[in-house]
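> Structure: final.pdb, PDB, C-alpha atoms.
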```pdb
MODEL        1
ATOM      1  CA  MET A  13      12.213 107.159  43.741
ATOM      2  CA  GLN A  14      14.892 105.897  46.072
ATOM      3  CA  ALA A  15      17.747 108.208  47.080
ATOM      4  CA  HIS A  16      20.174 105.961  45.160
ATOM      5  CA  CYS A  17      18.434 106.854  41.922
ATOM      6  CA  GLU A  18      18.659 110.582  42.522
ATOM      7  CA  ASN A  19      22.299 110.772  41.457
ATOM      8  CA  ILE A  20      22.738 108.009  38.871
ATOM      9  CA  TYR A  21      22.032 110.394  36.004
ATOM     10  CA  LYS A  22      24.498 112.960  37.372
ATOM     11  CA  ILE A  23      27.154 110.299  37.950
ATOM     12  CA  ALA A  24      26.767 109.039  34.378
ATOM     13  CA  ARG A  25      26.977 112.551  32.950
ATOM     14  CA  LYS A  26      30.031 113.464  34.991
ATOM     15  CA  SER A  27      31.693 110.148  34.096
ATOM     16  CA  ALA A  28      31.259 111.137  30.467
ATOM     17  CA  GLY A  29      32.963 114.453  31.204
ATOM     18  CA  LEU A  30      29.982 116.553  30.173
ATOM     19  CA  THR A  31      28.586 119.722  31.717
ATOM     20  CA  GLN A  32      24.837 119.962  32.205
ATOM     21  CA  ILE A  33      24.642 122.298  29.220
ATOM     22  CA  GLN A  34      26.565 119.905  26.952
ATOM     23  CA  ALA A  35      24.562 116.899  28.168
ATOM     24  CA  ALA A  36      21.205 118.641  27.809
ATOM     25  CA  GLU A  37      22.074 119.493  24.228
ATOM     26  CA  ALA A  38      23.316 115.951  23.499
ATOM     27  CA  ILE A  39      20.159 114.299  24.841
ATOM     28  CA  ASN A  40      17.782 116.986  23.562
ATOM     29  CA  VAL A  41      16.291 118.180  26.857
ATOM     30  CA  SER A  42      16.385 121.487  28.670
ATOM     31  CA  VAL A  43      19.061 122.135  31.272
ATOM     32  CA  ARG A  44      16.249 122.548  33.831
ATOM     33  CA  SER A  45      14.851 119.089  32.977
ATOM     34  CA  LEU A  46      18.298 117.544  33.250
ATOM     35  CA  ALA A  47      18.837 119.227  36.621
ATOM     36  CA  ASP A  48      15.484 117.862  37.800
ATOM     37  CA  TYR A  49      16.485 114.333  36.733
ATOM     38  CA  GLU A  50      19.825 114.654  38.487
ATOM     39  CA  THR A  51      18.300 115.836  41.761
ATOM     40  CA  GLY A  52      15.444 113.349  41.769
ATOM     41  CA  VAL A  53      12.709 115.933  41.309
ATOM     42  CA  THR A  54      11.478 113.986  38.283
ATOM     43  CA  ILE A  55      12.258 110.618  36.776
ATOM     44  CA  PRO A  56      13.359 110.833  33.157
ATOM     45  CA  PRO A  57      11.240 108.990  30.614
ATOM     46  CA  ASP A  58      12.734 105.879  29.062
ATOM     47  CA  ASP A  59      13.489 107.558  25.718
ATOM     48  CA  VAL A  60      15.542 110.215  27.522
ATOM     49  CA  VAL A  61      17.392 107.538  29.497
ATOM     50  CA  CYS A  62      18.159 105.743  26.216
ATOM     51  CA  ARG A  63      19.662 108.969  24.865
ATOM     52  CA  MET A  64      21.636 109.400  28.116
ATOM     53  CA  ILE A  65      23.025 105.855  27.809
ATOM     54  CA  GLU A  66      24.209 106.577  24.278
ATOM     55  CA  ALA A  67      25.521 110.090  24.925
ATOM     56  CA  TYR A  68      27.255 109.128  28.166
ATOM     57  CA  ARG A  69      28.402 105.697  26.917
ATOM     58  CA  ALA A  70      27.014 104.246  30.145
ATOM     59  CA  PRO A  71      25.101 100.969  29.593
ATOM     60  CA  TRP A  72      24.887 100.413  33.364
ATOM     61  CA  LEU A  73      22.622 103.459  33.562
ATOM     62  CA  GLY A  74      19.791 101.586  31.831
ATOM     63  CA  TYR A  75      19.858  98.823  34.420
ATOM     64  CA  GLU A  76      20.146 101.230  37.357
ATOM     65  CA  HIS A  77      17.301 103.338  35.973
ATOM     66  CA  LEU A  78      15.015 100.326  35.687
ATOM     67  CA  LYS A  79      16.106  98.892  39.038
ATOM     68  CA  TYR A  80      15.551 102.020  41.084
ATOM     69  CA  SER A  81      12.913 104.069  39.274
ATOM     70  CA  THR A  82      10.322 101.429  38.414
ATOM     71  CA  ALA A  83       8.213  99.253  40.671
ATOM     72  CA  VAL A  84       8.911  96.252  38.437
ATOM     73  CA  GLY A  85      12.670  96.825  38.631
ATOM     74  CA  GLN A  86      12.594  97.271  42.388
ATOM     75  CA  LYS A  87      10.644  94.071  42.831
ATOM     76  CA  TYR A  88      12.204  91.770  40.246
ATOM     77  CA  LEU A  89      15.680  92.890  39.171
ATOM     78  CA  PRO A  90      18.508  91.552  41.299
ATOM     79  CA  ASP A  91      20.845  93.973  43.006
ATOM     80  CA  ILE A  92      24.234  94.240  41.394
ATOM     81  CA  LYS A  93      27.228  94.406  43.695
ATOM     82  CA  PHE A  94      29.613  96.446  41.579
ATOM     83  CA  SER A  95      33.356  96.147  42.101
ATOM     84  CA  ASP A  96      36.582  96.108  40.156
ATOM     85  CA  LEU A  97      37.013  93.528  37.403
ATOM     86  CA  ALA A  98      39.124  91.073  39.409
ATOM     87  CA  ARG A  99      36.615  90.968  42.276
ATOM     88  CA  ALA A 100      33.693  90.748  39.859
ATOM     89  CA  VAL A 101      35.229  87.729  38.118
ATOM     90  CA  LEU A 102      36.086  86.014  41.400
ATOM     91  CA  ARG A 103      32.591  86.607  42.724
ATOM     92  CA  PHE A 104      31.116  85.214  39.506
ATOM     93  CA  GLN A 105      33.265  82.088  39.791
ATOM     94  CA  LYS A 106      32.219  81.673  43.431
ATOM     95  CA  GLU A 107      28.531  82.060  42.558
ATOM     96  CA  VAL A 108      28.825  79.532  39.718
ATOM     97  CA  LYS A 109      30.381  77.042  42.171
ATOM     98  CA  ASP A 110      27.557  77.719  44.632
ATOM     99  CA  LEU A 111      25.045  77.050  41.873
ATOM    100  CA  GLU A 112      26.831  73.800  41.011
ATOM    101  CA  SER A 113      26.415  72.749  44.648
ATOM    102  CA  VAL A 114      22.616  72.842  44.270
ATOM    103  CA  ASP A 115      22.607  71.361  40.771
ATOM    104  CA  ARG A 116      21.362  67.970  41.935
ATOM    105  CA  THR A 117      18.521  69.600  43.880
ATOM    106  CA  LEU A 118      17.633  71.687  40.846
ATOM    107  CA  ILE A 119      17.398  68.592  38.664
ATOM    108  CA  GLU A 120      15.464  66.554  41.239
ATOM    109  CA  ILE A 121      12.869  69.279  41.703
ATOM    110  CA  ALA A 122      12.563  70.156  38.018
ATOM    111  CA  CYS A 123      12.322  66.564  36.735
ATOM    112  CA  ASP A 124       8.553  66.401  37.016
ATOM    113  CA  GLY A 125       8.048  69.932  35.724
ATOM    114  CA  GLU A 126       6.519  71.300  38.893
ATOM    115  CA  VAL A 127       7.472  72.448  42.363
ATOM    116  CA  ASP A 128       5.269  70.898  45.024
ATOM    117  CA  GLU A 129       4.750  72.304  48.527
ATOM    118  CA  THR A 130       7.415  70.091  50.104
ATOM    119  CA  GLU A 131       9.982  71.236  47.501
ATOM    120  CA  LYS A 132       9.342  74.981  47.823
ATOM    121  CA  PRO A 133      11.928  75.693  50.560
ATOM    122  CA  LYS A 134      14.681  73.961  48.571
ATOM    123  CA  TRP A 135      13.466  75.624  45.370
ATOM    124  CA  ARG A 136      13.821  79.050  47.013
ATOM    125  CA  GLU A 137      17.439  78.165  47.851
ATOM    126  CA  VAL A 138      18.078  77.097  44.260
ATOM    127  CA  THR A 139      16.503  80.218  42.769
ATOM    128  CA  LYS A 140      18.499  82.380  45.186
ATOM    129  CA  GLU A 141      21.687  80.792  43.830
ATOM    130  CA  VAL A 142      20.528  81.431  40.256
ATOM    131  CA  GLU A 143      19.807  85.076  41.138
ATOM    132  CA  ASP A 144      23.282  85.399  42.672
ATOM    133  CA  VAL A 145      24.865  84.116  39.437
ATOM    134  CA  VAL A 146      22.811  86.571  37.379
ATOM    135  CA  SER A 147      23.827  89.450  39.640
ATOM    136  CA  ALA A 148      27.500  88.475  39.459
ATOM    137  CA  ALA A 149      27.331  88.139  35.670
ATOM    138  CA  LEU A 150      25.762  91.579  35.312
ATOM    139  CA  ALA A 151      28.487  93.042  37.529
ATOM    140  CA  ILE A 152      31.066  91.732  35.053
ATOM    141  CA  LEU A 153      29.177  93.166  32.089
ATOM    142  CA  PHE A 154      29.053  96.613  33.673
ATOM    143  CA  THR A 155      32.479  96.618  35.379
ATOM    144  CA  GLU A 156      34.344  98.894  32.967
ATOM    145  CA  THR A 157      31.913 101.770  33.231
ATOM    146  CA  GLN A 158      31.186 100.998  36.871
ATOM    147  CA  LYS A 159      34.773 101.875  37.747
ATOM    148  CA  GLU A 160      34.194 105.356  36.359
ATOM    149  CA  LYS A 161      30.892 105.533  38.204
ATOM    150  CA  ALA A 162      32.523 104.663  41.521
ATOM    151  CA  LEU A 163      35.176 107.325  41.015
ATOM    152  CA  MET A 164      32.557 109.905  40.223
ATOM    153  CA  ALA A 165      30.393 108.905  43.184
ATOM    154  CA  ARG A 166      33.290 109.735  45.491
ATOM    155  CA  ALA A 167      33.735 113.092  43.780
ATOM    156  CA  ILE A 168      30.097 114.143  44.218
TER     157      ILE A 168
ENDMDL
END
```
As structure tokens, please, write out the structure in this file.

Amino acid sequence: MQAHCENIYKIARKSAGLTQIQAAEAINVSVRSLADYETGVTIPPDDVVCRMIEAYRAPWLGYEHLKYSTAVGQKYLPDIKFSDLARAVLRFQKEVKDLESVDRTLIEIACDGEVDETEKPKWREVTKEVEDVVSAALAILFTETQKEKALMARAI
């Protein structure tokens, strides 16, 4: 597990204003197990993370858990550049404009339903722009709770 993941569970719990004892009770695990999750000794199972998300009211935690604690997440989920709401919206608008700039290329390549060898470099550029839009959109979805997360990260 990456170092980033070692504190996401602690950040979410503290953002919810819960002690380890209160959180362990709310998510039905032992305090020792919770401490192990928060220090990166063990990765919590998905059902525990689902209970954390609900108890902590932290939907971003699900994404971060998948992104940093699973090989699939590390390989395929785009990074989210969290920020305040205004910056998140501006970044999203910028990324949408960037995607519009490759719209013609997207259509030209996709028209025949396949990407041939000569089109692959341009296709990588197009898919990078799509990934950037997805990342920016997710940042907007998670902005409210992310603000709390950022505050807590500074406090830890």
> Using only C-alpha atoms, what residues lie at most 12 Å away from (16.7, 116.3, 24.7) (file coordinates), given as an mmCIF file with C-alpha atoms, in the frame of the given file?

```cif
data_model
loop_
_atom_site.group_PDB
_atom_site.id
_atom_site.type_symbol
_atom_site.label_atom_id
_atom_site.label_comp_id
_atom_site.auth_asym_id
_atom_site.auth_seq_id
_atom_site.Cartn_x
_atom_site.Cartn_y
_atom_site.Cartn_z
ATOM 1 C CA GLN A 32 24.837 119.962 32.205
ATOM 2 C CA ILE A 33 24.642 122.298 29.220
ATOM 3 C CA GLN A 34 26.565 119.905 26.952
ATOM 4 C CA ALA A 35 24.562 116.899 28.168
ATOM 5 C CA ALA A 36 21.205 118.641 27.809
ATOM 6 C CA GLU A 37 22.074 119.493 24.228
ATOM 7 C CA ALA A 38 23.316 115.951 23.499
ATOM 8 C CA ILE A 39 20.159 114.299 24.841
ATOM 9 C CA ASN A 40 17.782 116.986 23.562
ATOM 10 C CA VAL A 41 16.291 118.180 26.857
ATOM 11 C CA SER A 42 16.385 121.487 28.670
ATOM 12 C CA VAL A 43 19.061 122.135 31.272
ATOM 13 C CA ARG A 44 16.249 122.548 33.831
ATOM 14 C CA SER A 45 14.851 119.089 32.977
ATOM 15 C CA LEU A 46 18.298 117.544 33.250
ATOM 16 C CA PRO A 56 13.359 110.833 33.157
ATOM 17 C CA PRO A 57 11.240 108.990 30.614
ATOM 18 C CA ASP A 58 12.734 105.879 29.062
ATOM 19 C CA ASP A 59 13.489 107.558 25.718
ATOM 20 C CA VAL A 60 15.542 110.215 27.522
ATOM 21 C CA VAL A 61 17.392 107.538 29.497
ATOM 22 C CA CYS A 62 18.159 105.743 26.216
ATOM 23 C CA ARG A 63 19.662 108.969 24.865
ATOM 24 C CA MET A 64 21.636 109.400 28.116
ATOM 25 C CA ALA A 67 25.521 110.090 24.925
#
```
> Between atom CA of Arg116 of chain A and atom CA of Ala151 of chain A, measure the distance and give it in Å to one decimal.
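One can read the atom CA of Arg116 of chain A to atom CA of Ala151 of chain A distance as 26.4 Å.
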> Find the residues around Glu131 of chain A up to 10 Å (only C-alpha atoms counted), leave out those fewer than 6 positions away in its own chain, and share them as JSON, numbers by chain.
{"A": [117, 120, 121, 122]}
> I'd like to know which of A:Tyr21, A:Tyr68, A:His77, A:Ala28 is closest to Glu50 of chain A, using only C-alpha atoms.
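Counting only C-alpha atoms, the residue closest to Glu50 of chain A is A:Tyr21.
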> With all atoms listed in the file as the atoms that count, which of A:Ile152, A:Ala24, A:Val142, A:Val84 lies nearest to Arg99 of chain A?
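Among the listed residues, the smallest separation from Arg99 of chain A belongs to A:Ile152.
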